[in-house]
Structures are given as structure tokens and as C-alpha cells.
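The file data21.tsv comes next; it holds TSV, N, CA and C atoms.
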```tsv
chain	number	residue	atom	x	y	z
R	901	MET	N	5.11	14.22	7.07
R	901	MET	CA	4.78	12.80	7.05
R	901	MET	C	3.93	12.50	5.82
R	902	PRO	N	4.20	11.38	5.20
R	902	PRO	CA	3.41	11.03	4.01
R	902	PRO	C	1.99	10.62	4.38
R	903	LYS	N	1.08	10.85	3.45
R	903	LYS	CA	-0.29	10.38	3.60
R	903	LYS	C	-0.32	8.90	3.28
R	904	ILE	N	-1.26	8.19	3.90
R	904	ILE	CA	-1.38	6.74	3.71
R	904	ILE	C	-2.85	6.40	3.49
R	905	HIS	N	-3.10	5.51	2.54
R	905	HIS	CA	-4.46	5.01	2.30
R	905	HIS	C	-4.45	3.50	2.45
R	906	LEU	N	-5.36	2.97	3.26
R	906	LEU	CA	-5.46	1.53	3.47
R	906	LEU	C	-6.56	0.93	2.60
R	907	ASP	N	-6.18	-0.08	1.85
R	907	ASP	CA	-7.13	-0.86	1.06
R	907	ASP	C	-8.10	-1.54	2.02
R	908	ASN	N	-9.21	-2.03	1.49
R	908	ASN	CA	-10.24	-2.61	2.34
R	908	ASN	C	-9.84	-3.93	2.99
R	909	ASP	N	-8.73	-4.53	2.58
R	909	ASP	CA	-8.31	-5.80	3.18
R	909	ASP	C	-7.30	-5.61	4.32
R	910	VAL	N	-7.01	-4.37	4.68
R	910	VAL	CA	-6.07	-4.06	5.76
R	910	VAL	C	-6.86	-3.69	7.01
R	911	PRO	N	-6.55	-4.28	8.15
R	911	PRO	CA	-7.31	-3.98	9.38
R	911	PRO	C	-7.29	-2.48	9.72
R	912	VAL	N	-8.45	-1.96	10.10
R	912	VAL	CA	-8.57	-0.55	10.46
R	912	VAL	C	-7.70	-0.24	11.67
R	913	ARG	N	-7.43	-1.20	12.52
R	913	ARG	CA	-6.56	-0.99	13.69
R	913	ARG	C	-5.19	-0.45	13.26
R	914	LEU	N	-4.70	-0.87	12.08
R	914	LEU	CA	-3.43	-0.36	11.59
R	914	LEU	C	-3.53	1.15	11.33
R	915	ALA	N	-4.65	1.61	10.84
R	915	ALA	CA	-4.85	3.05	10.63
R	915	ALA	C	-4.73	3.80	11.95
R	916	ASP	N	-5.34	3.25	13.00
R	916	ASP	CA	-5.26	3.88	14.32
R	916	ASP	C	-3.81	4.00	14.79
R	917	LEU	N	-3.03	2.93	14.62
R	917	LEU	CA	-1.63	2.95	15.05
R	917	LEU	C	-0.82	3.97	14.25
R	918	LEU	N	-1.04	4.04	12.96
R	918	LEU	CA	-0.33	5.00	12.13
R	918	LEU	C	-0.72	6.44	12.48
R	919	ARG	N	-1.98	6.64	12.78
R	919	ARG	CA	-2.45	7.98	13.18
R	919	ARG	C	-1.79	8.42	14.49
R	920	GLN	N	-1.64	7.49	15.41
R	920	GLN	CA	-0.98	7.81	16.68
R	920	GLN	C	0.46	8.26	16.45
R	921	ASP	N	1.02	7.83	15.34
R	921	ASP	CA	2.39	8.20	14.98
R	921	ASP	C	2.43	9.52	14.19
R	922	GLY	N	1.25	10.12	13.95
R	922	GLY	CA	1.19	11.41	13.28
R	922	GLY	C	0.89	11.37	11.79
R	923	HIS	N	0.63	10.18	11.24
R	923	HIS	CA	0.34	10.07	9.81
R	923	HIS	C	-1.11	10.46	9.52
R	924	LEU	N	-1.32	11.04	8.36
R	924	LEU	CA	-2.67	11.28	7.86
R	924	LEU	C	-3.09	10.01	7.12
R	925	VAL	N	-4.11	9.34	7.64
R	925	VAL	CA	-4.49	8.03	7.12
R	925	VAL	C	-5.97	8.03	6.76
R	926	THR	N	-6.26	7.47	5.58
R	926	THR	CA	-7.65	7.20	5.19
R	926	THR	C	-7.77	5.70	4.96
R	927	THR	N	-8.98	5.20	5.09
R	927	THR	CA	-9.23	3.79	4.79
R	927	THR	C	-10.41	3.70	3.83
R	928	SER	N	-10.40	2.65	3.05
R	928	SER	CA	-11.51	2.43	2.12
R	928	SER	C	-12.83	2.32	2.87
R	929	ARG	N	-12.79	1.66	4.02
R	929	ARG	CA	-14.01	1.48	4.81
R	929	ARG	C	-14.55	2.82	5.30
R	930	GLU	N	-13.67	3.64	5.84
R	930	GLU	CA	-14.12	4.94	6.37
R	930	GLU	C	-14.67	5.85	5.27
R	931	LEU	N	-14.14	5.71	4.06
R	931	LEU	CA	-14.61	6.53	2.94
R	931	LEU	C	-15.81	5.90	2.22
R	932	GLY	N	-16.22	4.71	2.68
R	932	GLY	CA	-17.34	4.02	2.03
R	932	GLY	C	-16.98	3.46	0.66
R	933	LEU	N	-15.70	3.13	0.47
R	933	LEU	CA	-15.22	2.69	-0.84
R	933	LEU	C	-14.78	1.22	-0.85
R	934	GLU	N	-15.22	0.47	0.14
R	934	GLU	CA	-14.74	-0.91	0.26
R	934	GLU	C	-15.15	-1.80	-0.90
R	935	ARG	N	-16.12	-1.41	-1.69
R	935	ARG	CA	-16.55	-2.24	-2.82
R	935	ARG	C	-15.89	-1.85	-4.14
R	936	LEU	N	-15.02	-0.85	-4.10
R	936	LEU	CA	-14.34	-0.43	-5.33
R	936	LEU	C	-13.38	-1.52	-5.82
R	937	ALA	N	-13.21	-1.57	-7.13
R	937	ALA	CA	-12.24	-2.49	-7.73
R	937	ALA	C	-10.83	-2.05	-7.33
R	938	ASP	N	-9.88	-2.96	-7.47
R	938	ASP	CA	-8.51	-2.68	-7.05
R	938	ASP	C	-7.92	-1.47	-7.78
R	939	TYR	N	-8.16	-1.36	-9.08
R	939	TYR	CA	-7.60	-0.21	-9.80
R	939	TYR	C	-8.17	1.09	-9.27
R	940	GLN	N	-9.42	1.06	-8.80
R	940	GLN	CA	-10.03	2.26	-8.24
R	940	GLN	C	-9.43	2.59	-6.86
R	941	GLN	N	-9.03	1.55	-6.13
R	941	GLN	CA	-8.35	1.79	-4.85
R	941	GLN	C	-7.01	2.49	-5.10
R	942	LEU	N	-6.29	2.05	-6.13
R	942	LEU	CA	-5.02	2.70	-6.46
R	942	LEU	C	-5.24	4.13	-6.92
R	943	LEU	N	-6.28	4.36	-7.70
R	943	LEU	CA	-6.60	5.72	-8.13
R	943	LEU	C	-7.00	6.61	-6.96
R	944	THR	N	-7.71	6.04	-5.99
R	944	THR	CA	-8.07	6.80	-4.79
R	944	THR	C	-6.81	7.25	-4.05
R	945	ALA	N	-5.87	6.35	-3.86
R	945	ALA	CA	-4.61	6.71	-3.21
R	945	ALA	C	-3.87	7.76	-4.03
R	946	TYR	N	-3.85	7.59	-5.34
R	946	TYR	CA	-3.19	8.55	-6.23
R	946	TYR	C	-3.80	9.95	-6.07
R	947	ARG	N	-5.11	10.01	-6.09
R	947	ARG	CA	-5.80	11.31	-5.98
R	947	ARG	C	-5.52	11.97	-4.62
R	948	GLN	N	-5.30	11.18	-3.61
R	948	GLN	CA	-5.00	11.70	-2.28
R	948	GLN	C	-3.50	11.94	-2.08
R	949	GLN	N	-2.70	11.59	-3.07
R	949	GLN	CA	-1.24	11.67	-2.98
R	949	GLN	C	-0.76	10.86	-1.78
R	950	ALA	N	-1.28	9.64	-1.69
R	950	ALA	CA	-1.02	8.78	-0.54
R	950	ALA	C	-0.37	7.47	-0.95
R	951	ILE	N	0.43	6.93	-0.05
R	951	ILE	CA	0.97	5.58	-0.19
R	951	ILE	C	-0.20	4.61	0.03
R	952	LEU	N	-0.28	3.59	-0.79
R	952	LEU	CA	-1.34	2.58	-0.66
R	952	LEU	C	-0.79	1.38	0.11
R	953	LEU	N	-1.48	0.97	1.17
R	953	LEU	CA	-1.17	-0.26	1.89
R	953	LEU	C	-2.25	-1.27	1.58
R	954	THR	N	-1.83	-2.47	1.21
R	954	THR	CA	-2.77	-3.52	0.85
R	954	THR	C	-2.20	-4.88	1.24
R	955	ARG	N	-3.05	-5.88	1.24
R	955	ARG	CA	-2.61	-7.27	1.41
R	955	ARG	C	-2.81	-8.07	0.13
R	956	ASN	N	-3.31	-7.41	-0.88
R	956	ASN	CA	-3.65	-8.06	-2.15
R	956	ASN	C	-2.44	-8.08	-3.07
R	957	ARG	N	-1.56	-9.01	-2.82
R	957	ARG	CA	-0.27	-9.10	-3.52
R	957	ARG	C	-0.41	-9.26	-5.03
R	958	LYS	N	-1.11	-10.28	-5.45
R	958	LYS	CA	-1.18	-10.62	-6.87
R	958	LYS	C	-1.73	-9.46	-7.71
R	959	ASP	N	-2.85	-8.91	-7.31
R	959	ASP	CA	-3.50	-7.88	-8.12
R	959	ASP	C	-2.72	-6.57	-8.14
R	960	PHE	N	-2.11	-6.19	-7.01
R	960	PHE	CA	-1.41	-4.91	-7.00
R	960	PHE	C	-0.03	-4.98	-7.63
R	961	ILE	N	0.59	-6.15	-7.66
R	961	ILE	CA	1.81	-6.29	-8.46
R	961	ILE	C	1.45	-6.12	-9.93
R	962	LEU	N	0.35	-6.71	-10.34
R	962	LEU	CA	-0.12	-6.56	-11.73
R	962	LEU	C	-0.48	-5.10	-12.04
R	963	LEU	N	-1.21	-4.45	-11.16
R	963	LEU	CA	-1.59	-3.06	-11.38
R	963	LEU	C	-0.38	-2.13	-11.42
R	964	HIS	N	0.58	-2.38	-10.56
R	964	HIS	CA	1.81	-1.57	-10.56
R	964	HIS	C	2.53	-1.71	-11.91
R	965	GLY	N	2.65	-2.93	-12.40
R	965	GLY	CA	3.29	-3.17	-13.70
R	965	GLY	C	2.53	-2.49	-14.83
R	966	ALA	N	1.21	-2.57	-14.77
R	966	ALA	CA	0.39	-1.91	-15.80
R	966	ALA	C	0.57	-0.40	-15.75
R	967	TRP	N	0.58	0.16	-14.54
R	967	TRP	CA	0.77	1.61	-14.37
R	967	TRP	C	2.09	2.03	-15.01
R	968	GLN	N	3.16	1.29	-14.69
R	968	GLN	CA	4.47	1.61	-15.24
R	968	GLN	C	4.49	1.46	-16.76
R	969	GLY	N	3.94	0.36	-17.24
R	969	GLY	CA	3.96	0.09	-18.68
R	969	GLY	C	3.13	1.08	-19.48
R	970	PHE	N	1.92	1.37	-19.02
R	970	PHE	CA	1.06	2.30	-19.75
R	970	PHE	C	1.64	3.72	-19.73
R	971	SER	N	2.20	4.12	-18.60
R	971	SER	CA	2.80	5.46	-18.51
R	971	SER	C	3.93	5.60	-19.52
R	972	ALA	N	4.77	4.58	-19.63
R	972	ALA	CA	5.88	4.62	-20.58
R	972	ALA	C	5.36	4.57	-22.02
R	973	GLU	N	4.41	3.69	-22.28
R	973	GLU	CA	3.88	3.54	-23.64
R	973	GLU	C	3.19	4.80	-24.13
R	974	TRP	N	2.47	5.44	-23.24
R	974	TRP	CA	1.71	6.63	-23.63
R	974	TRP	C	2.49	7.93	-23.41
R	975	SER	N	3.73	7.80	-22.99
R	975	SER	CA	4.61	8.96	-22.76
R	975	SER	C	3.97	9.98	-21.82
R	976	ILE	N	3.44	9.46	-20.71
R	976	ILE	CA	2.88	10.34	-19.69
R	976	ILE	C	3.67	10.14	-18.39
R	977	SER	N	3.69	11.14	-17.58
R	977	SER	CA	4.44	11.02	-16.33
R	977	SER	C	3.49	11.06	-15.14
R	978	ALA	N	2.67	10.05	-15.04
R	978	ALA	CA	1.75	9.92	-13.91
R	978	ALA	C	2.37	8.96	-12.91
R	979	SER	N	2.75	9.47	-11.76
R	979	SER	CA	3.42	8.66	-10.74
R	979	SER	C	2.47	8.40	-9.58
R	980	HIS	N	2.33	7.11	-9.22
R	980	HIS	CA	1.61	6.85	-7.97
R	980	HIS	C	2.58	7.10	-6.82
R	981	PHE	N	2.06	7.13	-5.61
R	981	PHE	CA	2.85	7.56	-4.46
R	981	PHE	C	3.43	6.40	-3.66
R	982	GLY	N	3.41	5.23	-4.25
R	982	GLY	CA	4.00	4.06	-3.63
R	982	GLY	C	2.95	3.06	-3.17
R	983	ILE	N	3.34	1.79	-3.21
R	983	ILE	CA	2.48	0.69	-2.78
R	983	ILE	C	3.28	-0.20	-1.85
R	984	LEU	N	2.72	-0.51	-0.69
R	984	LEU	CA	3.30	-1.48	0.23
R	984	LEU	C	2.34	-2.65	0.34
R	985	ILE	N	2.85	-3.84	0.07
R	985	ILE	CA	2.02	-5.03	0.15
R	985	ILE	C	2.41	-5.81	1.40
R	986	LEU	N	1.45	-5.89	2.32
R	986	LEU	CA	1.64	-6.57	3.59
R	986	LEU	C	1.18	-8.03	3.47
R	987	PRO	N	1.89	-8.95	4.09
R	987	PRO	CA	1.41	-10.34	4.07
R	987	PRO	C	0.32	-10.56	5.12
R	988	HIS	N	-0.45	-11.62	4.91
R	988	HIS	CA	-1.41	-12.04	5.94
R	988	HIS	C	-0.67	-12.76	7.06
R	989	ARG	N	0.33	-13.56	6.64
R	989	ARG	CA	1.14	-14.34	7.57
R	989	ARG	C	2.57	-14.32	7.07
R	990	HIS	N	3.51	-14.49	8.00
R	990	HIS	CA	4.91	-14.61	7.61
R	990	HIS	C	5.60	-15.50	8.63
R	991	GLY	N	6.30	-16.51	8.11
R	991	GLY	CA	7.00	-17.44	9.01
R	991	GLY	C	6.07	-18.16	9.96
R	992	GLY	N	4.84	-18.42	9.50
R	992	GLY	CA	3.87	-19.12	10.33
R	992	GLY	C	3.18	-18.25	11.37
R	993	VAL	N	3.47	-16.95	11.35
R	993	VAL	CA	2.90	-16.02	12.33
R	993	VAL	C	1.97	-15.05	11.62
R	994	GLU	N	0.78	-14.89	12.18
R	994	GLU	CA	-0.16	-13.93	11.61
R	994	GLU	C	0.40	-12.52	11.77
R	995	TRP	N	0.27	-11.72	10.73
R	995	TRP	CA	0.70	-10.32	10.79
R	995	TRP	C	-0.43	-9.51	11.41
R	996	THR	N	-0.33	-9.32	12.70
R	996	THR	CA	-1.32	-8.50	13.40
R	996	THR	C	-1.12	-7.04	13.00
R	997	PRO	N	-2.09	-6.17	13.28
R	997	PRO	CA	-1.87	-4.74	13.01
R	997	PRO	C	-0.62	-4.19	13.70
R	998	GLU	N	-0.30	-4.71	14.89
R	998	GLU	CA	0.88	-4.24	15.60
R	998	GLU	C	2.17	-4.63	14.88
R	999	ILE	N	2.23	-5.85	14.37
R	999	ILE	CA	3.41	-6.27	13.59
R	999	ILE	C	3.49	-5.47	12.30
R	1000	ALA	N	2.35	-5.33	11.61
R	1000	ALA	CA	2.32	-4.57	10.37
R	1000	ALA	C	2.76	-3.12	10.61
R	1001	TYR	N	2.32	-2.55	11.72
R	1001	TYR	CA	2.70	-1.18	12.05
R	1001	TYR	C	4.21	-1.06	12.23
R	1002	ALA	N	4.80	-1.94	13.01
R	1002	ALA	CA	6.24	-1.88	13.27
R	1002	ALA	C	7.04	-1.98	11.98
R	1003	ARG	N	6.68	-2.91	11.10
R	1003	ARG	CA	7.41	-3.10	9.84
R	1003	ARG	C	7.18	-1.94	8.88
R	1004	THR	N	5.94	-1.47	8.82
R	1004	THR	CA	5.59	-0.39	7.88
R	1004	THR	C	6.16	0.94	8.34
R	1005	ALA	N	6.02	1.26	9.60
R	1005	ALA	CA	6.49	2.55	10.11
R	1005	ALA	C	7.99	2.70	9.92
R	1006	SER	N	8.75	1.63	10.10
R	1006	SER	CA	10.20	1.74	9.92
R	1006	SER	C	10.57	2.00	8.47
R	1007	LEU	N	9.86	1.39	7.54
R	1007	LEU	CA	10.13	1.62	6.11
R	1007	LEU	C	9.78	3.05	5.73
R	1008	ILE	N	8.61	3.52	6.15
R	1008	ILE	CA	8.17	4.87	5.82
R	1008	ILE	C	9.09	5.91	6.47
R	1009	ALA	N	9.52	5.65	7.70
R	1009	ALA	CA	10.44	6.58	8.38
R	1009	ALA	C	11.75	6.70	7.62
R	1010	GLY	N	12.13	5.67	6.89
R	1010	GLY	CA	13.34	5.68	6.08
R	1010	GLY	C	13.14	6.33	4.72
R	1011	GLY	N	11.95	6.92	4.49
R	1011	GLY	CA	11.71	7.62	3.23
R	1011	GLY	C	11.20	6.75	2.10
R	1012	MET	N	10.79	5.54	2.41
R	1012	MET	CA	10.28	4.63	1.38
R	1012	MET	C	8.79	4.43	1.59
R	1013	PRO	N	8.04	4.08	0.60
R	1013	PRO	CA	8.45	4.02	-0.80
R	1013	PRO	C	8.47	5.42	-1.40
R	1014	ARG	N	9.21	5.56	-2.49
R	1014	ARG	CA	9.19	6.81	-3.24
R	1014	ARG	C	8.20	6.66	-4.40
R	1015	LEU	N	8.07	7.71	-5.19
R	1015	LEU	CA	7.13	7.68	-6.30
R	1015	LEU	C	7.33	6.44	-7.17
R	1016	ASN	N	6.22	5.80	-7.51
R	1016	ASN	CA	6.19	4.65	-8.41
R	1016	ASN	C	6.94	3.42	-7.90
R	1017	GLU	N	7.15	3.33	-6.60
R	1017	GLU	CA	7.81	2.14	-6.05
R	1017	GLU	C	6.78	1.22	-5.39
R	1018	LEU	N	7.06	-0.06	-5.49
R	1018	LEU	CA	6.24	-1.08	-4.85
R	1018	LEU	C	7.17	-1.95	-4.01
R	1019	PHE	N	6.78	-2.19	-2.76
R	1019	PHE	CA	7.54	-3.05	-1.86
R	1019	PHE	C	6.64	-4.17	-1.36
R	1020	THR	N	7.23	-5.36	-1.27
R	1020	THR	CA	6.55	-6.50	-0.66
R	1020	THR	C	7.42	-7.01	0.49
R	1021	TRP	N	6.78	-7.63	1.47
R	1021	TRP	CA	7.53	-8.23	2.57
R	1021	TRP	C	7.91	-9.65	2.17
R	1022	GLU	N	9.19	-9.94	2.19
R	1022	GLU	CA	9.71	-11.25	1.84
R	1022	GLU	C	10.42	-11.84	3.06
R	1023	GLN	N	11.07	-12.98	2.90
R	1023	GLN	CA	11.71	-13.67	4.03
R	1023	GLN	C	12.68	-12.79	4.79
R	1024	ASN	N	13.43	-11.95	4.10
R	1024	ASN	CA	14.47	-11.16	4.75
R	1024	ASN	C	14.06	-9.71	4.94
R	1025	GLY	N	12.77	-9.40	4.80
R	1025	GLY	CA	12.31	-8.04	4.99
R	1025	GLY	C	11.71	-7.44	3.73
R	1026	TRP	N	11.64	-6.13	3.70
R	1026	TRP	CA	11.04	-5.44	2.56
R	1026	TRP	C	11.90	-5.60	1.32
R	1027	MET	N	11.24	-5.84	0.18
R	1027	MET	CA	11.92	-5.97	-1.09
R	1027	MET	C	11.23	-5.08	-2.11
R	1028	GLN	N	12.01	-4.24	-2.77
R	1028	GLN	CA	11.44	-3.42	-3.84
R	1028	GLN	C	11.27	-4.27	-5.08
R	1029	ARG	N	10.13	-4.10	-5.74
R	1029	ARG	CA	9.85	-4.87	-6.96
R	1029	ARG	C	9.70	-3.91	-8.12
R	1030	ASP	N	10.10	-4.38	-9.29
R	1030	ASP	CA	9.94	-3.56	-10.51
R	1030	ASP	C	8.52	-3.59	-11.00
```

Encoded form using C-alpha cells:
Amino acid sequence: MPKIHLDNDVPVRLADLLRQDGHLVTTSRELGLERLADYQQLLTAYRQQAILLTRNRKDFILLHGAWQGFSAEWSISASHFGILILPHRHGGVEWTPEIAYARTASLIAGGMPRLNELFTWEQNGWMQRD
């Protein structure tokens, strides 16, 4: 099972649900890292070889693009272990930890995300973004 790291904006209850499913999960709050900048959250997940779960869409799409661009520009092969961006709400419904768990667990069970992939939840489900 892949390791998972939850950004500080993801409810800790989701960590509990993922752990019940057998995942090794860390959270920014549990590690005392809730005040770290977003790039440091991504580096924390990278160092743990973990998929990063966040609700911070704008910043992590930007960080993912920067990671890809800098790696190519500098000719280095540093791969993050995947980013999943969860919405706060979808279709007028709040994404509770239980909803987030069901959507996230099914994607991860299917082997996604892979190295250097970012997925966001859109109207029709998970969408991989460049």
C-alpha cells in the first residue's frame, strides 16, 4: 500500500479512515508541521515517499508545474509520489472525510497516482492534470 501524507487543510478524520484500510498515513498536524509553507509540505511528502492529499488546488497545481518544469530545465530526475487535490465542496455537497475517503481510496486502489502525477476532482470524477 502506498504511503499517504495529508496537508494541514485535510481533516484528520480522513487519516483515520485511510489507516483503517491499511495505509501508512502521516498528517502535517500530527508531525507538528501545520505552519510549513506549501512547498515544504510537498517536500515532506517527497521525503516520506508518500502521496500528498490536499485541498489547496491553486497552490499545488502551481507547485506541481514548477516541480515538472525545474526538473526538466535542470536535467534532474526528482519525482514526487503524486498529488491528489480534494475539493471542499462538489455539486453543492460538502466533501466530508467519508466522501473524500470513498473517492480517494478507489483511485489509490487503482494504482493512481503514479510518480509525478497530479489529480483533481472535477464534475465527472478524477482528472489527471499536466

Item checked: Which of chain R DSSP labels strand (DSSP E or B), written as a ChimeraX atom specification -> /R:903-906,924-927,950-954,983-985,989-990,993-994,1018-1022,1025-1029

Item checked: atom CA of R:Phe1019 to atom C of R:Leu984, distance in Å rounded to a single decimal ->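 Distance reported for this atom pair: 5.7 Å.
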
Item checked: Expected answer as a list in words: all residues with atoms within 6.5 Å of (5.5, 4.8, 2.1), only N, CA and C atoms ->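 Every residue inside that radius is included here: Ile951, Phe981, Gly982, Ile983, Leu1007, Ile1008, Gly1011, Met1012, Pro1013 and Arg1014 of chain R.
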
Next item on the list: Apply DSSP to the structure's backbone, then extract all residues of stretch 961-1011 of chain R labelled alpha helix (DSSP H) and return them as a count of residues only.
Entry: 26

Notebook entry, point to check: Which of these, R:Pro997, R:Pro987, R:Gly992, R:Gly965, has the shortest distance to R:Glu1017 once you count only C-alpha atoms?
Noted result: R:Gly965

Next item on the list: Tell me which protein, DNA and RNA residues are within 7 Å of R:Thr954, counting only N, CA and C atoms, leaving out same-chain ones fewer than 6 positions away, and put them as a PyMOL selection string.
Entry: chain R and resi 905-910+983-987

Output file for the selection above: N, CA and C atoms, as a PDB file, in the frame of the given file:
```
ATOM      1  N   HIS R 905      -3.100   5.510   2.540  1.00  0.00           N
ATOM      2  CA  HIS R 905      -4.460   5.010   2.300  1.00  0.00           C
ATOM      3  C   HIS R 905      -4.450   3.500   2.450  1.00  0.00           C
ATOM      4  N   LEU R 906      -5.360   2.970   3.260  1.00  0.00           N
ATOM      5  CA  LEU R 906      -5.460   1.530   3.470  1.00  0.00           C
ATOM      6  C   LEU R 906      -6.560   0.930   2.600  1.00  0.00           C
ATOM      7  N   ASP R 907      -6.180  -0.080   1.850  1.00  0.00           N
ATOM      8  CA  ASP R 907      -7.130  -0.860   1.060  1.00  0.00           C
ATOM      9  C   ASP R 907      -8.100  -1.540   2.020  1.00  0.00           C
ATOM     10  N   ASN R 908      -9.210  -2.030   1.490  1.00  0.00           N
ATOM     11  CA  ASN R 908     -10.240  -2.610   2.340  1.00  0.00           C
ATOM     12  C   ASN R 908      -9.840  -3.930   2.990  1.00  0.00           C
ATOM     13  N   ASP R 909      -8.730  -4.530   2.580  1.00  0.00           N
ATOM     14  CA  ASP R 909      -8.310  -5.800   3.180  1.00  0.00           C
ATOM     15  C   ASP R 909      -7.300  -5.610   4.320  1.00  0.00           C
ATOM     16  N   VAL R 910      -7.010  -4.370   4.680  1.00  0.00           N
ATOM     17  CA  VAL R 910      -6.070  -4.060   5.760  1.00  0.00           C
ATOM     18  C   VAL R 910      -6.860  -3.690   7.010  1.00  0.00           C
ATOM     19  N   ILE R 983       3.340   1.790  -3.210  1.00  0.00           N
ATOM     20  CA  ILE R 983       2.480   0.690  -2.780  1.00  0.00           C
ATOM     21  C   ILE R 983       3.280  -0.200  -1.850  1.00  0.00           C
ATOM     22  N   LEU R 984       2.720  -0.510  -0.690  1.00  0.00           N
ATOM     23  CA  LEU R 984       3.300  -1.480   0.230  1.00  0.00           C
ATOM     24  C   LEU R 984       2.340  -2.650   0.340  1.00  0.00           C
ATOM     25  N   ILE R 985       2.850  -3.840   0.070  1.00  0.00           N
ATOM     26  CA  ILE R 985       2.020  -5.030   0.150  1.00  0.00           C
ATOM     27  C   ILE R 985       2.410  -5.810   1.400  1.00  0.00           C
ATOM     28  N   LEU R 986       1.450  -5.890   2.320  1.00  0.00           N
ATOM     29  CA  LEU R 986       1.640  -6.570   3.590  1.00  0.00           C
ATOM     30  C   LEU R 986       1.180  -8.030   3.470  1.00  0.00           C
ATOM     31  N   PRO R 987       1.890  -8.950   4.090  1.00  0.00           N
ATOM     32  CA  PRO R 987       1.410 -10.340   4.070  1.00  0.00           C
ATOM     33  C   PRO R 987       0.320 -10.560   5.120  1.00  0.00           C
TER      34      PRO R 987
END
```
